[in-house]
Number of protein chains: 2
Amino acid sequence: MDAYRAIVTKRDTRKFSPEPIPEPVLTRILQAGRMAGSSKNTQPVRAILVTEPARKEEIASCGQFATHVPACAAAIAVVLTPGGGAFDAGRAAQNMMVAAWAEGVTSCPTSMHDAACANRVLGLPEGHSVAIVLAMGYPEAGTSVNLGRARIPLDDFVHSDHWRGEGAGG
Amino acid sequence: MDAYRAIVTKRDTRKFSPEPIPEPVLTRILQAGRMAGSSKNTQPVRAILVTEPARKEEIASCGQFATHVPACAAAIAVVLTPGGGAFDAGRAAQNMMVAAWAEGVTSCPTSMHDAACANRVLGLPEGHSVAIVLAMGYPEAGTSVNLGRARIPLDDFVHSDHWRGEGAGG
């Protein structure tokens with residue numbers, strides 16, 4: 001799929017078909033995360049690919065809105081090593097989600113509200129943390145993944161040279 | 001450009017040609033940022049497109065490693081509105097950088113170490129912040145943008161079902 005099209009049509013969805021994601025597709029998704037740039041190329045991000053049903057269940061128990069995780073084909077935990085920042089995690093996660101979508105795989109970033117739970121389930125060493133879990137899978141038949149949530153108009157998203165509107169500085 | 005190719009070949013570079021970025025290309029880059037998903041679709045990210053030479057100079061004065069900003073064709077300040085998180089800024093920034101690269105436009109995420117300076121130069125209202133400035137432009141002639149920095153091997157990036165190695169939990 002064309003890069004621009006993959007980027008602008010990507011929506012976060014959480015209704016998955018039980019179809020597994022083939023190994024080569026998973027590898028491309030993970031490569032996309034690996035190749036993301038990071039602050040000073042410190043590469044603070046790692047990915048834990050979770051496909052074991054029992055562990056997906058355990059992960060679901062660590063988030064407040066994670067009941068879709070057991071039904072996903074693969075959950076990718078985006079892990080930050082010590083000192084890593086959420087901005088770099090966002091870059092790697094977005095690369096993986098767009099690469100997935102370019103292959104027809106939909107995804108839903110899922111927060112682990114109980115961080116200690118996620119660290120325990122995934123066996124993270126001291127100082128590591130889960131930035132997000134990406135639940136991934138092919139969309140459930142009949143799900144319209146293009147009817148995602150609306151976005152603010154482009155004119156509201158973009159400002160030119162300087163913030164405009166209420167509270168703007170001099 | 002194919003999505004996967006755009007994602008995995010994207011490198012952060014800071015040597016720009018003086019060629020301006022045509023309006024339709026800039027619009028696609030900004031659309032890519034606008035369409036990025038965000039936590040609960042809160043859409044906390046805004047973009048300030050900076051092309052005025054004087055303001056690019058001022059922005060450069062707010063970062064410790066920002067001397068390349070005045071030479072870029074367009075600087076896009078990725079702004080977080082109150083309550084927004086760096087993870088969502090990373091998602092939007094990566095979308096813009098990959099969409100840019102798919103059009104042959106290279107980019108360099110540039111930190112504003114002096115946050116108060118950046119807020120003042122861009123006129124941000126109270127509670128807003130600059131997550132990053134993306135310096136963008138066509139690559140300088142003769143610059144090999146594919147010789148970017150190395151990445152850790154895929155086997156080190158990916159863990160299966162559970163963290164492996166030193167310090168891993170039970």
# chains A, B, ... in the order shown; residues from 1 in each chain; ligands from 1
call {"tool": "closest_atom_pairs", "arguments": {"of": "chain A", "to": "chain B", "cutoff": "6 Å", "atoms": "only C-alpha atoms", "output": "CSV"}}
result
residue,atom,partner,partner_atom,distance
A:Met1,CA,B:Asp2,CA,5.7
A:Asp2,CA,B:Asp2,CA,4.5
A:Ala3,CA,B:Ala3,CA,3.6
A:Tyr4,CA,B:Ala99,CA,5.7
A:Val8,CA,B:Met35,CA,5.5
A:Ala32,CA,B:Val8,CA,5.6
A:Met35,CA,B:Val8,CA,5.5
A:Arg46,CA,B:Phe157,CA,5.0
A:Ala47,CA,B:Val158,CA,4.9
A:Ile48,CA,B:His159,CA,4.5
A:Leu49,CA,B:Ser160,CA,5.0
A:Val50,CA,B:Asp161,CA,4.2
A:Ala86,CA,B:Phe87,CA,4.7
A:Phe87,CA,B:Gly90,CA,4.4
A:Gly90,CA,B:Gly90,CA,4.3
A:Arg91,CA,B:Gly90,CA,4.7
A:Gln94,CA,B:Arg91,CA,5.1
A:Ala99,CA,B:Tyr4,CA,5.7
A:Leu122,CA,B:His162,CA,4.8
A:Gly123,CA,B:Gly169,CA,3.8
A:Leu124,CA,B:Ala168,CA,5.4
A:Pro125,CA,B:Gly167,CA,4.6
A:Phe157,CA,B:Arg46,CA,5.0
A:Val158,CA,B:Ala47,CA,4.9
A:His159,CA,B:Ile48,CA,4.5
A:Ser160,CA,B:Leu49,CA,5.0
A:Asp161,CA,B:Val50,CA,4.2
A:His162,CA,B:Leu122,CA,4.7
A:Trp163,CA,B:Gly123,CA,5.5
A:Gly167,CA,B:Pro125,CA,4.6
A:Ala168,CA,B:Pro125,CA,4.9
A:Gly169,CA,B:Gly123,CA,3.9
A:Gly170,CA,B:Gly123,CA,5.9
call {"tool": "select_by_dssp", "arguments": {"residues": "region 31-137 of chain B", "states": "strand (DSSP E)", "output": "list in words"}}
result
Val45, Arg46, Ala47, Ile48, Leu49, Val50, Ala74, Ala75, Ile76, Ala77, Val78, Val79, Leu80, Thr106, Ser107, Cys108, Pro109, Thr110, Ser129, Val130, Ala131, Ile132, Val133, Leu134, Ala135, Met136 and Gly137 of chain B
call {"tool": "closest_residue", "arguments": {"among": "B:Val133, B:Cys72, B:Ala66, B:Ile21", "to": "Gly104 (chain B)", "atoms": "only C-alpha atoms"}}
result
B:Ile21
call {"tool": "atom_distance", "arguments": {"atom1": "CA of Pro24 (chain A)", "atom2": "CA of Ala73 (chain A)"}}
result
14.2 Å
call {"tool": "residues_around", "arguments": {"residues": "Ser61 (chain A)", "least_positions_apart": "5", "cutoff": "9 Å", "atoms": "only C-alpha atoms", "output": "JSON list (two decimals) with C-alpha atoms, in the first residue's frame"}}
result
[["chain", "number", "residue", "atom", "x", "y", "z"],
["A", 56, "LYS", "CA", -2.73, -12.28, 26.41],
["A", 66, "ALA", "CA", -8.15, -4.14, 27.45],
["A", 67, "THR", "CA", -10.88, -6.75, 27.08],
["A", 112, "MET", "CA", -1.65, -0.74, 30.88],
["A", 114, "ASP", "CA", -1.67, -1.16, 36.27],
["A", 117, "CYS", "CA", 0.86, -5.86, 36.67],
["A", 118, "ALA", "CA", 2.21, -5.44, 33.13]]
call {"tool": "atom_distance", "arguments": {"atom1": "CA of Tyr138 (chain B)", "atom2": "CA of Thr106 (chain B)"}}
result
5.8 Å
call {"tool": "closest_residue", "arguments": {"among": "A:Val130, A:Ala141, A:Val105, A:Ala115", "to": "Gln64 (chain A)", "atoms": "only C-alpha atoms"}}
result
A:Ala115
call {"tool": "closest_residue", "arguments": {"among": "A:Ala116, A:Leu134, A:Pro18, A:Pro82", "to": "Cys62 (chain A)", "atoms": "only C-alpha atoms"}}
result
A:Ala116
call {"tool": "select_by_dssp", "arguments": {"residues": "chain A", "states": "helix (DSSP H, G or I)", "output": "PyMOL selection string"}}
result
chain A and resi 3-9+23-34+39-41+53-60+69-71+86-101+115-122+154-157
